[in-house]
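Engineer: Please find data14.txt (compact mmCIF, C-alpha atoms and all ligand atoms) on the next line:
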# COMPACT_ATOMS: atom_id res chain seq x y z
CA MET A 1 22.80 -34.94 -71.34
CA LYS A 2 21.61 -38.35 -70.17
CA LYS A 3 23.88 -38.19 -67.17
CA THR A 4 22.52 -34.78 -66.22
CA THR A 5 18.94 -36.04 -66.40
CA ALA A 6 19.82 -39.04 -64.22
CA VAL A 7 21.39 -36.79 -61.60
CA LYS A 8 18.31 -34.61 -61.63
CA ILE A 9 16.02 -37.61 -61.16
CA LEU A 10 18.20 -38.92 -58.34
CA SER A 11 18.10 -35.51 -56.69
CA ALA A 12 14.33 -35.44 -57.02
CA VAL A 13 14.03 -38.97 -55.54
CA PHE A 14 16.32 -37.97 -52.70
CA ALA A 15 14.31 -34.83 -52.03
CA LEU A 16 11.08 -36.84 -52.15
CA SER A 17 12.29 -39.58 -49.80
CA PHE A 18 13.59 -36.94 -47.42
CA ALA A 19 10.24 -35.26 -47.60
CA LEU A 20 8.36 -38.48 -46.90
CA GLY A 21 10.65 -39.35 -44.01
CA ALA A 22 10.86 -36.00 -42.32
CA TYR A 23 7.55 -34.27 -42.98
CA PRO A 24 3.97 -35.01 -42.08
CA ALA A 25 1.88 -36.85 -44.64
CA GLU A 26 0.03 -33.84 -46.02
CA ALA A 27 3.17 -31.81 -46.59
CA ALA A 28 4.86 -34.81 -48.14
CA ARG A 29 1.96 -35.22 -50.54
CA GLN A 30 2.33 -31.61 -51.62
CA ILE A 31 6.05 -32.05 -52.19
CA SER A 32 5.43 -35.21 -54.21
CA LEU A 33 2.86 -33.34 -56.24
CA SER A 34 5.34 -30.61 -56.90
CA VAL A 35 8.22 -32.84 -58.00
CA SER A 36 6.11 -35.14 -60.16
CA ALA A 37 4.30 -32.38 -62.01
CA SER A 38 4.29 -33.39 -65.63
CA GLU A 39 4.13 -29.86 -67.01
CA GLY A 40 7.64 -29.20 -65.77
CA TYR A 41 8.93 -26.57 -63.44
CA ASP A 42 8.50 -22.84 -63.25
CA LEU A 43 12.12 -22.45 -62.25
CA ARG A 44 14.82 -23.43 -64.69
CA LYS A 45 18.53 -22.85 -64.45
CA THR A 46 19.67 -20.36 -67.03
CA ASP A 47 23.25 -18.98 -67.19
CA GLY A 48 23.88 -20.53 -63.74
CA GLU A 49 20.91 -18.79 -62.14
CA TRP A 50 17.37 -20.00 -61.46
CA LYS A 51 14.87 -18.00 -63.50
CA TYR A 52 11.12 -17.98 -63.44
CA TYR A 53 9.54 -18.97 -66.72
CA ALA A 54 6.07 -17.94 -67.80
CA SER A 55 3.80 -20.42 -69.61
CA ASP A 56 4.80 -18.97 -72.99
CA GLY A 57 8.40 -20.02 -72.32
CA SER A 58 9.81 -16.57 -71.68
CA ILE A 59 11.54 -15.47 -68.47
CA ASN A 60 9.10 -13.45 -66.39
CA TYR A 61 11.05 -10.81 -64.49
CA SER A 62 7.94 -9.31 -62.99
CA TYR A 63 6.89 -12.49 -61.11
CA SER A 64 7.06 -12.59 -57.34
CA GLY A 65 5.80 -15.56 -55.32
CA LEU A 66 6.40 -19.24 -54.81
CA ALA A 67 7.70 -21.34 -57.66
CA LYS A 68 9.08 -24.82 -57.96
CA ASN A 69 11.99 -26.64 -59.37
CA GLU A 70 12.95 -30.28 -58.91
CA TYR A 71 14.32 -29.46 -55.42
CA GLY A 72 11.10 -28.06 -54.09
CA TRP A 73 9.43 -24.72 -53.65
CA TRP A 74 11.24 -21.39 -53.57
CA TYR A 75 10.42 -17.78 -53.07
CA VAL A 76 10.89 -15.79 -56.25
CA SER A 77 11.19 -12.04 -56.45
CA SER A 78 11.39 -10.26 -59.81
CA GLY A 79 11.79 -13.57 -61.62
CA GLU A 80 14.69 -14.90 -59.51
CA ILE A 81 14.98 -16.88 -56.27
CA ASP A 82 15.28 -14.42 -53.41
CA PHE A 83 17.63 -16.10 -50.93
CA SER A 84 17.32 -13.15 -48.57
CA TYR A 85 13.57 -13.65 -48.07
CA SER A 86 12.18 -15.22 -44.92
CA GLY A 87 8.48 -15.09 -44.19
CA LEU A 88 5.12 -16.27 -45.47
CA ALA A 89 4.35 -16.89 -49.11
CA LYS A 90 1.48 -18.51 -50.94
CA ASN A 91 0.97 -21.18 -53.53
CA GLN A 92 -2.10 -23.16 -54.58
CA TYR A 93 -1.79 -25.36 -51.46
CA GLY A 94 -1.90 -22.54 -48.95
CA TRP A 95 0.43 -20.22 -47.10
CA PHE A 96 3.88 -21.54 -46.24
CA TYR A 97 6.88 -20.38 -44.32
CA VAL A 98 9.93 -19.56 -46.38
CA LYS A 99 13.41 -19.45 -44.86
CA GLU A 100 16.17 -17.78 -46.85
CA GLY A 101 14.34 -18.33 -50.08
CA LYS A 102 13.28 -21.95 -49.57
CA LEU A 103 10.02 -23.31 -48.27
CA ASP A 104 10.78 -24.54 -44.72
CA LEU A 105 8.50 -27.36 -43.57
CA THR A 106 10.27 -27.58 -40.22
CA TYR A 107 9.12 -24.13 -39.11
CA ASN A 108 6.76 -23.91 -36.15
CA GLY A 109 5.71 -20.58 -34.72
CA LEU A 110 4.06 -17.30 -35.61
CA ALA A 111 4.60 -15.40 -38.83
CA ASP A 112 3.12 -12.31 -40.46
CA ASN A 113 1.62 -11.61 -43.82
CA GLU A 114 -0.41 -8.63 -45.00
CA TYR A 115 -3.56 -10.11 -43.42
CA GLY A 116 -2.21 -10.53 -39.92
CA THR A 117 -0.12 -12.80 -37.75
CA TRP A 118 -0.58 -16.54 -38.22
CA TYR A 119 0.11 -19.81 -36.50
CA VAL A 120 2.44 -21.92 -38.64
CA LYS A 121 2.80 -25.64 -38.05
CA ASN A 122 5.33 -27.71 -39.98
CA GLY A 123 5.83 -24.82 -42.34
CA LYS A 124 2.16 -24.21 -43.16
CA ILE A 125 -0.48 -21.89 -41.72
CA ASP A 126 -2.73 -24.11 -39.60
CA THR A 127 -6.23 -22.65 -39.75
CA SER A 128 -7.57 -25.52 -37.63
CA PHE A 129 -5.64 -24.25 -34.60
CA THR A 130 -7.29 -22.26 -31.81
CA GLY A 131 -5.38 -21.68 -28.60
CA MET A 132 -2.16 -20.17 -27.32
CA ALA A 133 1.02 -19.85 -29.36
CA LYS A 134 4.31 -18.21 -28.55
CA GLY A 135 5.77 -15.50 -30.71
CA ASN A 136 8.89 -13.35 -30.40
CA ASP A 137 7.16 -11.04 -27.94
CA GLY A 138 5.34 -13.58 -25.81
CA TRP A 139 2.20 -15.68 -25.89
CA ARG A 140 -0.65 -14.79 -28.21
CA TYR A 141 -4.20 -15.99 -28.52
CA VAL A 142 -4.82 -17.66 -31.87
CA LYS A 143 -8.24 -18.29 -33.35
CA ASN A 144 -8.59 -20.48 -36.45
CA GLY A 145 -4.89 -20.03 -37.15
CA LYS A 146 -4.83 -16.25 -36.84
CA VAL A 147 -3.63 -14.18 -33.89
CA ASP A 148 -6.71 -12.52 -32.37
CA LYS A 149 -5.48 -9.13 -31.20
CA LYS A 150 -8.78 -8.35 -29.51
CA TYR A 151 -9.30 -11.54 -27.52
CA THR A 152 -10.23 -11.07 -23.89
CA GLY A 153 -10.77 -14.19 -21.79
CA MET A 154 -9.04 -17.30 -20.63
CA ALA A 155 -6.89 -19.69 -22.64
CA LYS A 156 -4.72 -22.68 -21.85
CA ASN A 157 -1.21 -23.84 -22.67
CA GLN A 158 0.95 -26.62 -21.23
CA TYR A 159 1.65 -24.47 -18.13
CA GLY A 160 -1.99 -23.85 -17.21
CA TRP A 161 -4.73 -21.31 -17.75
CA TRP A 162 -4.02 -17.66 -18.55
CA TYR A 163 -6.04 -14.51 -18.73
CA PHE A 164 -5.80 -12.52 -21.97
CA SER A 165 -6.90 -9.02 -22.65
CA ASN A 166 -6.59 -7.61 -26.15
CA GLY A 167 -4.83 -10.75 -27.33
CA LYS A 168 -2.01 -10.72 -24.77
CA ILE A 169 -1.60 -12.28 -21.32
CA ASP A 170 -2.68 -9.56 -18.92
CA TYR A 171 -0.38 -9.66 -15.90
CA SER A 172 -2.02 -6.63 -14.29
CA PHE A 173 -5.59 -7.96 -14.16
CA VAL A 174 -6.89 -8.94 -10.74
CA GLY A 175 -10.37 -10.41 -10.52
CA LEU A 176 -12.70 -13.08 -11.81
CA ALA A 177 -12.66 -14.60 -15.28
CA LYS A 178 -14.52 -17.48 -16.79
CA ASN A 179 -13.66 -20.59 -18.74
CA ASP A 180 -15.71 -23.73 -19.52
CA TYR A 181 -15.16 -24.98 -15.98
CA GLY A 182 -16.42 -21.97 -14.05
CA TRP A 183 -15.25 -18.63 -12.72
CA TRP A 184 -11.70 -18.23 -11.44
CA TYR A 185 -9.71 -15.73 -9.44
CA ILE A 186 -6.99 -14.29 -11.69
CA GLN A 187 -3.79 -12.66 -10.50
CA ASN A 188 -0.43 -12.21 -12.28
CA GLY A 189 -1.97 -13.44 -15.51
CA THR A 190 -3.11 -16.81 -14.21
CA ILE A 191 -5.40 -18.53 -11.68
CA ASN A 192 -4.36 -17.87 -8.10
CA THR A 193 -5.26 -21.22 -6.55
CA LYS A 194 -4.27 -19.95 -3.10
CA TYR A 195 -6.91 -17.23 -3.03
CA ASN A 196 -9.75 -17.65 -0.57
CA GLY A 197 -12.23 -14.85 -0.02
CA ASN A 198 -14.76 -12.84 -1.94
CA ALA A 199 -14.48 -11.45 -5.42
CA ARG A 200 -16.66 -9.49 -7.75
CA ASN A 201 -17.74 -9.94 -11.33
CA ASP A 202 -20.51 -8.27 -13.33
CA TYR A 203 -23.06 -10.44 -11.53
CA GLY A 204 -22.02 -9.46 -8.00
CA TYR A 205 -19.86 -10.79 -5.21
CA TRP A 206 -19.00 -14.44 -4.91
CA VAL A 207 -17.26 -16.75 -2.48
CA VAL A 208 -13.91 -17.92 -3.88
CA LYS A 209 -12.31 -21.09 -2.57
CA ASN A 210 -8.81 -22.08 -3.70
CA GLY A 211 -9.09 -19.72 -6.65
CA LYS A 212 -12.49 -20.91 -7.88
CA VAL A 213 -15.91 -19.38 -7.37
CA ASP A 214 -17.67 -21.79 -5.04
CA MET A 215 -21.25 -22.01 -6.24
CA SER A 216 -22.08 -24.42 -3.41
CA ALA A 217 -21.27 -21.63 -0.95
CA THR A 218 -24.38 -19.77 -1.92
CA TRP A 219 -27.91 -20.75 -1.03
CA LYS A 220 -29.83 -22.47 -3.76
CA TYR A 221 -32.42 -20.03 -4.98
CA ASN A 222 -35.59 -21.39 -6.44
CA TYR A 223 -37.82 -18.38 -6.57
CA ALA A 224 -39.13 -16.51 -9.55
CA LEU A 225 -37.04 -13.47 -8.68
CA PRO A 226 -33.63 -12.28 -9.84
CA THR A 227 -31.07 -14.55 -8.18
CA PRO A 228 -29.06 -12.55 -5.65
CA SER A 229 -25.28 -12.65 -5.69
CA VAL A 230 -23.27 -13.41 -2.59
CA ALA A 231 -22.84 -10.59 -0.08
CA ASP A 232 -19.35 -9.14 0.20
CA THR A 233 -18.05 -10.21 3.57
CA SER A 234 -14.54 -8.87 3.02
CA GLY A 235 -15.30 -5.45 4.52
CA SER A 236 -16.48 -4.42 7.97
CA TRP A 237 -19.08 -6.81 9.37
CA LYS A 238 -20.96 -3.80 10.73
CA LEU A 239 -21.62 -2.55 7.20
CA LEU A 240 -22.45 -5.93 5.66
CA LEU A 241 -24.99 -5.37 2.92
CA VAL A 242 -27.49 -8.19 2.82
CA ASN A 243 -30.67 -7.54 0.85
CA ARG A 244 -32.68 -8.76 -2.11
CA ASP A 245 -29.60 -8.45 -4.33
CA TYR A 246 -26.99 -9.85 -1.95
CA SER A 247 -27.55 -13.03 -0.01
CA LEU A 248 -25.40 -14.27 2.84
CA PRO A 249 -22.65 -16.76 2.07
CA LYS A 250 -23.85 -20.19 3.16
CA ASN A 251 -21.07 -20.43 5.74
CA TYR A 252 -21.58 -16.91 7.13
CA LEU A 253 -22.60 -18.08 10.60
CA ASN A 254 -19.52 -20.28 10.95
CA SER A 255 -17.62 -17.21 12.10
CA VAL A 256 -20.46 -15.60 14.06
CA SER A 257 -21.67 -16.45 17.53
CA LEU A 258 -25.23 -15.72 18.57
CA VAL A 259 -26.24 -14.76 22.11
CA TYR A 260 -29.55 -14.07 23.84
CA VAL A 261 -30.49 -10.43 24.31
CA CYS A 262 -31.96 -8.74 27.40
CA ASN A 263 -32.99 -12.07 28.96
CA SER A 264 -35.38 -12.62 26.07
CA SER A 265 -35.67 -15.66 23.83
CA GLU A 266 -34.27 -13.60 20.94
CA ARG A 267 -30.67 -13.79 19.79
CA LEU A 268 -28.27 -11.43 18.00
CA ASP A 269 -24.66 -11.53 16.82
CA SER A 270 -22.61 -11.49 20.05
CA ARG A 271 -20.96 -8.23 18.89
CA VAL A 272 -24.36 -6.57 18.49
CA ALA A 273 -26.15 -7.88 21.57
CA PRO A 274 -24.23 -5.69 24.10
CA GLU A 275 -24.90 -2.62 21.94
CA TYR A 276 -28.59 -3.45 21.88
CA GLU A 277 -28.58 -3.83 25.65
CA LYS A 278 -26.96 -0.39 26.05
CA MET A 279 -29.73 1.09 23.94
CA TYR A 280 -32.36 -0.92 25.80
CA ASN A 281 -31.08 0.32 29.17
CA ALA A 282 -30.90 3.94 28.00
CA ALA A 283 -34.49 3.81 26.73
CA ALA A 284 -35.62 2.10 29.93
CA LYS A 285 -34.31 5.07 31.92
CA ASP A 286 -36.72 7.20 29.85
CA GLY A 287 -39.51 4.77 30.66
CA ILE A 288 -39.42 3.23 27.16
CA TYR A 289 -39.06 -0.53 26.83
CA LEU A 290 -37.50 -1.80 23.60
CA THR A 291 -38.64 -5.37 24.06
CA PRO A 292 -36.98 -7.74 21.57
CA CYS A 293 -39.55 -9.35 19.28
CA SER A 294 -37.53 -11.07 16.55
CA GLY A 295 -33.74 -11.10 16.29
CA TYR A 296 -31.77 -13.86 14.63
CA ARG A 297 -33.80 -16.14 12.37
CA SER A 298 -32.42 -19.28 10.82
CA TYR A 299 -32.38 -19.75 7.08
CA ASP A 300 -35.00 -22.47 7.46
CA LEU A 301 -37.32 -20.28 9.51
CA GLN A 302 -36.95 -17.47 6.98
CA LYS A 303 -37.69 -19.98 4.22
CA ARG A 304 -40.85 -21.18 6.01
CA ASN A 305 -42.02 -17.62 6.61
CA PHE A 306 -41.38 -16.62 3.01
CA GLU A 307 -43.01 -19.68 1.49
CA ASN A 308 -46.00 -19.46 3.85
CA ARG A 309 -46.51 -15.95 2.59
CA ILE A 310 -46.34 -17.15 -1.03
CA SER A 311 -48.92 -19.89 -0.27
CA SER A 312 -51.16 -17.36 1.43
CA ASN A 313 -50.94 -15.02 -1.58
CA ILE A 314 -51.77 -17.90 -3.92
CA SER A 315 -54.83 -18.67 -1.80
CA TYR A 316 -55.95 -15.07 -2.41
CA GLY A 317 -55.85 -15.77 -6.15
CA TYR A 318 -52.36 -14.66 -7.17
CA SER A 319 -50.37 -16.62 -9.75
CA LYS A 320 -47.28 -18.27 -8.27
CA LEU A 321 -45.06 -15.64 -9.87
CA ASN A 322 -47.08 -12.70 -8.60
CA ALA A 323 -47.52 -14.40 -5.22
CA THR A 324 -43.73 -14.61 -4.96
CA ILE A 325 -43.17 -11.02 -6.06
CA GLU A 326 -45.76 -9.75 -3.56
CA ALA A 327 -44.30 -11.89 -0.75
CA SER A 328 -40.82 -10.48 -1.40
CA LYS A 329 -42.08 -6.96 -0.77
CA VAL A 330 -42.89 -7.77 2.84
CA ILE A 331 -40.60 -10.68 3.69
CA LEU A 332 -37.12 -11.12 2.35
CA PRO A 333 -36.35 -14.46 0.74
CA PRO A 334 -34.22 -16.83 2.84
CA GLY A 335 -30.56 -15.86 3.00
CA THR A 336 -31.23 -12.24 2.08
CA SER A 337 -32.56 -11.08 5.46
CA GLU A 338 -30.48 -9.26 8.04
CA HIS A 339 -32.21 -11.49 10.59
CA ASN A 340 -30.37 -14.45 9.06
CA ALA A 341 -27.14 -12.68 9.98
CA GLY A 342 -28.19 -11.70 13.52
CA LEU A 343 -27.56 -8.02 12.76
CA ALA A 344 -31.11 -6.67 13.19
CA MET A 345 -33.90 -6.69 15.72
CA ASP A 346 -37.63 -6.32 15.23
CA ILE A 347 -38.69 -4.35 18.28
CA ILE A 348 -41.91 -4.93 20.26
CA CYS A 349 -44.04 -6.15 17.36
CA VAL A 350 -44.37 -6.39 13.62
CA GLN A 351 -47.28 -4.00 13.15
CA ASP A 352 -47.73 -0.83 11.17
CA SER A 353 -49.10 0.86 14.28
CA PHE A 354 -45.57 0.75 15.72
CA GLU A 355 -44.93 3.91 13.71
CA TYR A 356 -47.09 5.79 16.25
CA SER A 357 -45.61 4.22 19.38
CA PRO A 358 -43.44 6.07 21.92
CA GLN A 359 -40.78 3.41 21.31
CA TYR A 360 -40.56 4.39 17.63
CA LYS A 361 -40.35 8.05 18.55
CA TRP A 362 -37.54 7.30 21.01
CA LEU A 363 -35.65 5.16 18.48
CA CYS A 364 -35.86 7.86 15.81
CA ALA A 365 -34.35 10.34 18.26
CA HIS A 366 -31.63 8.17 19.85
CA ALA A 367 -30.94 4.87 18.04
CA GLN A 368 -28.04 6.33 16.04
CA ASP A 369 -26.20 7.09 19.30
CA TYR A 370 -26.09 3.33 19.90
CA GLY A 371 -25.21 2.39 16.34
CA PHE A 372 -28.68 1.38 15.10
CA ILE A 373 -30.55 2.58 12.01
CA LEU A 374 -34.11 2.39 10.75
CA ARG A 375 -33.23 0.00 7.97
CA TYR A 376 -36.30 0.27 5.72
CA PRO A 377 -37.50 3.89 5.77
CA LYS A 378 -40.78 4.94 4.24
CA ASP A 379 -39.15 7.12 1.58
CA LYS A 380 -36.55 4.55 0.49
CA GLN A 381 -38.77 1.66 -0.53
CA SER A 382 -37.71 1.83 -4.16
CA ILE A 383 -34.10 1.34 -3.06
CA THR A 384 -34.50 -1.16 -0.22
CA LYS A 385 -37.12 -3.10 -2.22
CA ILE A 386 -39.00 -3.74 1.01
CA VAL A 387 -41.96 -1.99 2.60
CA PHE A 388 -41.54 0.56 5.40
CA GLU A 389 -40.74 -1.40 8.55
CA PRO A 390 -40.75 0.92 11.58
CA TRP A 391 -39.97 -2.03 13.88
CA HIS A 392 -36.81 -3.26 12.10
CA TRP A 393 -33.56 -1.76 13.46
CA ARG A 394 -30.16 -2.71 12.19
CA TYR A 395 -26.80 -2.33 13.87
CA VAL A 396 -24.15 -0.57 11.71
CA GLY A 397 -21.95 1.04 14.39
CA VAL A 398 -22.24 4.52 15.87
CA ASP A 399 -20.25 6.43 13.22
CA ALA A 400 -22.17 5.02 10.26
CA ALA A 401 -25.54 5.29 12.05
CA LYS A 402 -24.93 8.98 12.83
CA ALA A 403 -23.71 9.66 9.29
CA MET A 404 -26.82 8.07 7.78
CA LYS A 405 -29.09 9.86 10.21
CA ASN A 406 -27.48 13.19 9.25
CA SER A 407 -27.47 12.62 5.51
CA GLY A 408 -30.85 10.90 5.34
CA GLN A 409 -29.32 8.06 3.37
CA CYS A 410 -30.35 4.43 3.68
CA LEU A 411 -27.66 1.73 3.91
CA GLU A 412 -27.63 1.03 0.16
CA GLU A 413 -27.07 4.72 -0.54
CA TYR A 414 -24.46 5.07 2.19
CA LEU A 415 -22.52 2.16 0.69
CA GLY A 416 -22.93 3.44 -2.86
CA LYS A 417 -24.97 0.36 -3.81
CA ALA A 418 -28.32 2.03 -4.41
ZN ZN A 501 -37.12 -7.39 10.63
Can the structure from this file be put into structure tokens for me?
Structural biologist:
Amino acid sequence: MKKTTAVKILSAVFALSFALGAYPAEAARQISLSVSASEGYDLRKTDGEWKYYASDGSINYSYSGLAKNEYGWWYVSSGEIDFSYSGLAKNQYGWFYVKEGKLDLTYNGLADNEYGTWYVKNGKIDTSFTGMAKGNDGWRYVKNGKVDKKYTGMAKNQYGWWYFSNGKIDYSFVGLAKNDYGWWYIQNGTINTKYNGNARNDYGYWVVKNGKVDMSATWKYNYALPTPSVADTSGSWKLLLVNRDYSLPKNYLNSVSLVYVCNSSERLDSRVAPEYEKMYNAAAKDGIYLTPCSGYRSYDLQKRNFENRISSNISYGYSKLNATIEASKVILPPGTSEHNAGLAMDIICVQDSFEYSPQYKWLCAHAQDYGFILRYPKDKQSITKIVFEPWHWRYVGVDAAKAMKNSGQCLEEYLGKA
């Protein structure tokens, strides 16, 4: 009897020292609590088997759950240790991982209970953990210890950042996603740091440099108007949409050369200038002179023009906000004008009376044959967000110009961006 007790105590001391040596402090404390409990153990060996005893001293064959003896915690099913059970089970200290009947404080990974799938660290569900964890069928996003099956967004592991949709790494997603450091170009589940170009998110098109949206590539916008996104320059330059909603990338002109048109002091994109000259020469044969008035304008000139207009409106009694809104109806803010791209020409003058000039009549009849369109028609002001400008003609190429002339669409409509 005495010998048996001594062996039991030695076993308990051994189990405790093992626990202290091998397990983290918190787990060790729980084990020490369990083996030093003065009220005795739930599990007692009876007829060579461990049985679960209720507080009244009888064997409880209906009990299922964790229970302790001097060797630690065990999973009990119908009053006896269930050595076939592996999975999560609960005691007063939390949820633990059980391996073949015994609480396993070496387990790290994911495990299920009736409430979901959980992140287990050193045998215990770790509700302080938020991040990525690997399960049998790949990486999962875990929030406060629980696998979040609906998570969509970015998350990080030791290999880098990943894009999740519905709780799993989404290898099919191509596009922009956001983390605390900015917007990134995602491909094959992770950031493609080799991507350079444009990409779209809900806020519009952006310049992407080495996989990251380059905010410095867009003009700083300080006006009391919705901030435009960056124009998509990945398609045909002829159909570049630059307007109140899409501003030019800051480096747009790096790949564009500007040349003087028709011996004037006005410049256009070198790919547009010869087309303008063809149109000019054709009109001249009809005795109509399409004298260039304003072609390419620098960002700074556009900025001066726009801000002068705001100042002028303020001097007429407008608030700064309303002065800005009114200015934007007649002059596009810097970076959002086709003149900043060298793709449009104001012809002869900037006056409403141009609508009644022979030049306007000629342009309406023939400009499409040379690839030019009336960019801001009278009946499209709600779409173009700019007043009717009979003098402003934009090059889009012959096919698109003819198509728009035939359909009556403005550029926004033609591009499906109205
Ligand atoms: Zn213009």
Engineer: Fewer than 3 positions away in the same chain doesn't count, so skip those; otherwise give me all residues within 6 Å of range 68-77 of chain A, counting all atoms listed in the file, as a list of chain:residue names.
Structural biologist: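 Residues meeting the cut-off are A:Ala12, A:Val35, A:Tyr41, A:Asp42, A:Leu43, A:Ser64, A:Gly65, A:Glu80, A:Ile81, A:Asp82, A:Gly101, A:Lys102, A:Leu103.
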Engineer: Given a cut-off of 8 Å, what residues near ligand ZN 501 (chain A) show up using all atoms listed in the file, put as number ranges by chain?
Structural biologist: A: 294-295, 337-339, 344-346, 350, 389, 391-393
Engineer: Do you know which residues are at most 12 Å from Ser311 in chain A counting all atoms listed in the file, after dropping those on the same chain fewer than 6 positions away, and could you put them as JSON, numbers by chain?
Structural biologist: {"A": [304, 305, 317, 318, 319, 320, 321, 322, 323, 324, 326, 327]}
Engineer: Can you tell me, as an NGL selection string, which residues sit within 12 Å of (-36.2, -0.5, 10.6) in the file's frame, using only C-alpha atoms?
Structural biologist: :A and (338-339 or 343-347 or 349-352 or 354-355 or 360 or 363-364 or 367-368 or 372-378 or 380-381 or 384 or 386-395 or 410-411)
Engineer: Could you list as a PyMOL selection string every residue that has an atom within 9 Å of (-26.1, -13.9, 22.1), using the file's coordinates and counting all atoms listed in the file?
Structural biologist: chain A and resi 257-261+266-274
Engineer: Calculate how many Å separate CA of Gln302 in chain A from CA of Arg200 in chain A, rounding to one decimal.
Structural biologist: 26.3 Å
Engineer: Kindly indicate which residue among A:Asn263, A:Thr193, A:Ser312, A:Asn243 lies nearest to Thr291 in chain A, using all atoms listed in the file for the distances.
Structural biologist: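 Under the stated criterion, the closest residue is A:Asn263.
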Engineer: Write out as AutoDock Vina command-line options an axis-aligned box for range 341-348 of chain A: all of its atoms listed in the file, 8 Å added on each side, centre and edge lengths in Å with one decimal.
Structural biologist:
--center_x -34.5 --center_y -8.5 --center_z 15.1 --size_x 30.8 --size_y 24.3 --size_z 26.3
Engineer: From the set A:Gly342, A:Gly416, A:Gly182, A:Gly167, which residue has the shortest atom-to-atom contact distance to Tyr276 in chain A, counting all atoms listed in the file?
Structural biologist: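 Going through A:Gly342, A:Gly416, A:Gly182, A:Gly167 one by one, the smallest distance to Tyr276 in chain A is for A:Gly342.
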Engineer: Tell me, in Å to one decimal, how far CA of Gly197 in chain A is from CA of Arg244 in chain A.
Structural biologist: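 It comes out at 21.4 Å.
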Engineer: Between CA of Tyr181 in chain A and CA of Leu110 in chain A, what is the spacing in Å?
Structural biologist: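 So the two atoms, CA of Leu110 in chain A and CA of Tyr181 in chain A, lie 28.5 Å apart.
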Engineer: Return the single residue from A:Trp362, A:Tyr205, A:Thr227, A:Leu239 that is closest to Met404 in chain A, with distances computed using all atoms listed in the file.
Structural biologist: A:Leu239
